[in-house]
file start_31.cif (mmCIF, C-alpha atoms)
data_upload
#
loop_
_atom_site.group_PDB
_atom_site.id
_atom_site.type_symbol
_atom_site.label_atom_id
_atom_site.label_comp_id
_atom_site.auth_asym_id
_atom_site.auth_seq_id
_atom_site.Cartn_x
_atom_site.Cartn_y
_atom_site.Cartn_z
ATOM 1 C CA MET A 1457 111.857 80.121 91.149
ATOM 2 C CA GLU A 1458 108.792 81.979 92.293
ATOM 3 C CA ASN A 1459 108.595 85.596 91.187
ATOM 4 C CA THR A 1460 108.594 86.759 94.812
ATOM 5 C CA TYR A 1461 112.131 85.408 95.150
ATOM 6 C CA TYR A 1462 113.211 87.339 92.051
ATOM 7 C CA THR A 1463 112.065 90.437 93.915
ATOM 8 C CA LEU A 1464 114.038 89.336 96.990
ATOM 9 C CA GLN A 1465 117.075 88.786 94.783
ATOM 10 C CA THR A 1466 116.601 92.265 93.276
ATOM 11 C CA LEU A 1467 116.481 93.818 96.730
ATOM 12 C CA TYR A 1468 119.628 91.927 97.712
ATOM 13 C CA ARG A 1469 121.466 93.159 94.598
ATOM 14 C CA ILE A 1470 120.568 96.743 95.551
ATOM 15 C CA VAL A 1471 121.859 96.471 99.131
ATOM 16 C CA ARG A 1472 124.679 93.915 98.962
ATOM 17 C CA GLU A 1473 127.470 96.515 98.673
ATOM 18 C CA GLU A 1474 126.249 98.458 101.707
ATOM 19 C CA PRO A 1475 128.216 98.126 104.988
ATOM 20 C CA HIS A 1476 124.954 97.165 106.772
ATOM 21 C CA PRO A 1477 122.610 95.860 104.052
ATOM 22 C CA GLU A 1478 119.890 94.977 106.567
ATOM 23 C CA GLN A 1479 119.687 98.668 107.565
ATOM 24 C CA TYR A 1480 119.427 100.086 104.044
ATOM 25 C CA LEU A 1481 115.993 101.609 103.428
ATOM 26 C CA CYS A 1482 115.142 100.760 99.835
ATOM 27 C CA THR A 1483 112.732 103.036 97.986
ATOM 28 C CA PRO A 1484 110.025 102.003 95.541
ATOM 29 C CA ARG A 1485 111.899 103.917 92.839
ATOM 30 C CA GLU A 1486 115.024 101.774 93.347
ATOM 31 C CA MET A 1487 112.969 98.592 93.211
ATOM 32 C CA ILE A 1488 111.232 99.678 90.005
ATOM 33 C CA LEU A 1489 114.508 100.709 88.346
ATOM 34 C CA HIS A 1490 116.161 97.375 89.144
ATOM 35 C CA SER A 1491 113.202 95.102 88.421
ATOM 36 C CA THR A 1492 111.273 93.964 85.380
ATOM 37 C CA PHE A 1493 108.010 93.940 87.348
ATOM 38 C CA SER A 1494 105.511 96.762 87.816
ATOM 39 C CA TRP A 1495 105.256 98.476 91.197
ATOM 40 C CA GLU A 1496 101.936 96.723 91.912
ATOM 41 C CA THR A 1497 103.584 93.340 91.395
ATOM 42 C CA ILE A 1498 106.696 94.300 93.373
ATOM 43 C CA HIS A 1499 104.509 95.505 96.251
ATOM 44 C CA LYS A 1500 102.583 92.199 96.282
ATOM 45 C CA HIS A 1501 105.884 90.319 96.331
ATOM 46 C CA LEU A 1502 107.191 92.474 99.193
ATOM 47 C CA LEU A 1503 104.024 91.844 101.211
ATOM 48 C CA ALA A 1504 104.452 88.077 100.731
ATOM 49 C CA LEU A 1505 108.157 88.288 101.617
ATOM 50 C CA ALA A 1506 107.323 90.328 104.730
ATOM 51 C CA GLN A 1507 104.939 87.575 105.878
ATOM 52 C CA GLN A 1508 107.857 85.137 105.598
ATOM 53 C CA GLY A 1509 110.140 87.464 107.590
ATOM 54 C CA LEU A 1510 112.490 88.052 104.646
ATOM 55 C CA VAL A 1511 111.834 91.791 104.351
ATOM 56 C CA MET A 1512 110.392 94.505 106.570
ATOM 57 C CA LEU A 1513 108.081 97.141 105.144
ATOM 58 C CA GLN A 1514 107.917 100.673 106.464
ATOM 59 C CA GLN A 1515 105.161 103.029 105.373
ATOM 60 C CA LEU A 1516 106.504 106.520 104.779
ATOM 61 C CA ASP A 1517 105.081 108.631 101.950
ATOM 62 C CA THR A 1518 105.308 105.350 100.006
ATOM 63 C CA PRO A 1519 106.099 101.840 101.270
ATOM 64 C CA HIS A 1520 109.860 101.424 101.745
ATOM 65 C CA CYS A 1521 111.529 98.150 102.620
ATOM 66 C CA TYR A 1522 114.513 96.609 104.352
ATOM 67 C CA ILE A 1523 115.901 93.175 103.667
ATOM 68 C CA THR A 1524 116.202 91.177 106.882
ATOM 69 C CA THR A 1525 119.163 89.062 107.934
ATOM 70 C CA GLN A 1526 116.983 86.034 107.203
ATOM 71 C CA GLY A 1527 116.309 87.422 103.707
ATOM 72 C CA ILE A 1528 120.022 87.882 103.068
ATOM 73 C CA GLU A 1529 120.733 84.328 104.203
ATOM 74 C CA THR A 1530 117.915 82.996 102.005
ATOM 75 C CA VAL A 1531 119.402 84.659 98.926
ATOM 76 C CA LYS A 1532 122.942 83.553 99.780
ATOM 77 C CA SER A 1533 121.894 79.954 100.404
ATOM 78 C CA SER A 1534 119.817 79.771 97.210
ATOM 79 C CA PHE A 1535 122.248 81.431 94.849
ATOM 80 C CA VAL A 1536 125.965 81.441 94.202
ATOM 81 C CA ASN A 1537 128.026 84.197 92.552
ATOM 82 C CA GLU A 1538 129.845 82.913 89.528
ATOM 83 C CA GLY A 1539 132.627 84.441 87.403
ATOM 84 C CA ALA A 1540 131.104 86.498 84.579
ATOM 85 C CA GLY A 1541 127.715 86.550 86.290
ATOM 86 C CA GLU A 1542 129.242 88.477 89.205
ATOM 87 C CA THR A 1543 130.758 91.134 86.943
ATOM 88 C CA LEU A 1544 127.367 91.653 85.315
ATOM 89 C CA GLY A 1545 125.618 91.787 88.680
ATOM 90 C CA PHE A 1546 123.667 88.564 88.245
ATOM 91 C CA LEU A 1547 123.252 85.740 90.713
ATOM 92 C CA VAL A 1548 123.005 82.245 89.305
ATOM 93 C CA LYS A 1549 120.809 79.569 90.887
ATOM 94 C CA ARG A 1550 122.842 76.786 92.459
ATOM 95 C CA GLU A 1551 122.185 73.341 91.001
ATOM 96 C CA ALA A 1552 120.596 70.817 93.360
ATOM 97 C CA VAL A 1553 122.776 67.780 93.953
#

call {"tool": "encode", "arguments": {"input": "start_31.cif", "output": "structure tokens"}}
result
Amino acid sequence: MENTYYTLQTLYRIVREEPHPEQYLCTPREMILHSTFSWETIHKHLLALAQQGLVMLQQLDTPHCYITTQGIETVKSSFVNEGAGETLGFLVKREAV
């Protein structure tokens, strides 16, 4: 999986419990705390994801982001929650048939 999709998956994990995940404004701090990448790398990933329509960036004092409905569907179609992985907050890549 490309690293940009790990960033998309991270964003999804942050917002998935929200009543309206596509409306949740995610801060750089949240992304950094939940990711293994540096902010510079995360920001590059978010820019690439925004070009694909999977996230929307909003420039406030720092760049904030929203996951789009298309981004949510991309994560859900690419990954499946599985038993212990779900309790640990991980998403496991679905095997291609």

call {"tool": "residues_around", "arguments": {"input": "start_31.cif", "residues": "Thr1525 (chain A)", "least_positions_apart": "2", "cutoff": "9 Å", "atoms": "all atoms listed in the file", "output": "PDB file with C-alpha atoms, keeping the file's coordinate frame"}}
result
ATOM      1  CA  PRO A1477     122.610  95.860 104.052  1.00  0.00           C
ATOM      2  CA  GLU A1478     119.890  94.977 106.567  1.00  0.00           C
ATOM      3  CA  LEU A1510     112.490  88.052 104.646  1.00  0.00           C
ATOM      4  CA  VAL A1511     111.834  91.791 104.351  1.00  0.00           C
ATOM      5  CA  ILE A1523     115.901  93.175 103.667  1.00  0.00           C
ATOM      6  CA  GLY A1527     116.309  87.422 103.707  1.00  0.00           C
ATOM      7  CA  ILE A1528     120.022  87.882 103.068  1.00  0.00           C
ATOM      8  CA  GLU A1529     120.733  84.328 104.203  1.00  0.00           C
ATOM      9  CA  THR A1530     117.915  82.996 102.005  1.00  0.00           C
TER      10      THR A1530
END

call {"tool": "resolve_selection", "arguments": {"input": "start_31.cif", "expression": "the PyMOL selection byres ((chain A and resi 1512) around 9)", "output": "PyMOL selection string"}}
result
chain A and resi 1502-1503+1505-1507+1509-1511+1513-1514+1520-1524

call {"tool": "resolve_selection", "arguments": {"input": "start_31.cif", "expression": "the PyMOL selection byres ((chain A and resi 1486) around 12)", "output": "PDB file with C-alpha atoms, in the coordinates of the input"}}
result
ATOM      1  CA  THR A1463     112.065  90.437  93.915  1.00  0.00           C
ATOM      2  CA  THR A1466     116.601  92.265  93.276  1.00  0.00           C
ATOM      3  CA  LEU A1467     116.481  93.818  96.730  1.00  0.00           C
ATOM      4  CA  TYR A1468     119.628  91.927  97.712  1.00  0.00           C
ATOM      5  CA  ARG A1469     121.466  93.159  94.598  1.00  0.00           C
ATOM      6  CA  ILE A1470     120.568  96.743  95.551  1.00  0.00           C
ATOM      7  CA  VAL A1471     121.859  96.471  99.131  1.00  0.00           C
ATOM      8  CA  TYR A1480     119.427 100.086 104.044  1.00  0.00           C
ATOM      9  CA  LEU A1481     115.993 101.609 103.428  1.00  0.00           C
ATOM     10  CA  CYS A1482     115.142 100.760  99.835  1.00  0.00           C
ATOM     11  CA  THR A1483     112.732 103.036  97.986  1.00  0.00           C
ATOM     12  CA  PRO A1484     110.025 102.003  95.541  1.00  0.00           C
ATOM     13  CA  ARG A1485     111.899 103.917  92.839  1.00  0.00           C
ATOM     14  CA  MET A1487     112.969  98.592  93.211  1.00  0.00           C
ATOM     15  CA  ILE A1488     111.232  99.678  90.005  1.00  0.00           C
ATOM     16  CA  LEU A1489     114.508 100.709  88.346  1.00  0.00           C
ATOM     17  CA  HIS A1490     116.161  97.375  89.144  1.00  0.00           C
ATOM     18  CA  SER A1491     113.202  95.102  88.421  1.00  0.00           C
ATOM     19  CA  THR A1492     111.273  93.964  85.380  1.00  0.00           C
ATOM     20  CA  TRP A1495     105.256  98.476  91.197  1.00  0.00           C
ATOM     21  CA  ILE A1498     106.696  94.300  93.373  1.00  0.00           C
ATOM     22  CA  PRO A1519     106.099 101.840 101.270  1.00  0.00           C
ATOM     23  CA  HIS A1520     109.860 101.424 101.745  1.00  0.00           C
ATOM     24  CA  CYS A1521     111.529  98.150 102.620  1.00  0.00           C
TER      25      CYS A1521
END

call {"tool": "atom_distance", "arguments": {"input": "start_31.cif", "atom1": "CA of Thr1518 (chain A)", "atom2": "CA of Gln1479 (chain A)"}}
result
17.6 Å

call {"tool": "closest_residue", "arguments": {"input": "start_31.cif", "among": "A:Glu1473, A:Tyr1461, A:His1499, A:Ser1494", "to": "Gln1515 (chain A)", "atoms": "all atoms listed in the file"}}
result
A:His1499

call {"tool": "atom_distance", "arguments": {"input": "start_31.cif", "atom1": "CA of Pro1475 (chain A)", "atom2": "CA of Asp1517 (chain A)"}}
result
25.6 Å

call {"tool": "atom_distance", "arguments": {"input": "start_31.cif", "atom1": "CA of Glu1496 (chain A)", "atom2": "CA of Glu1474 (chain A)"}}
result
26.3 Å
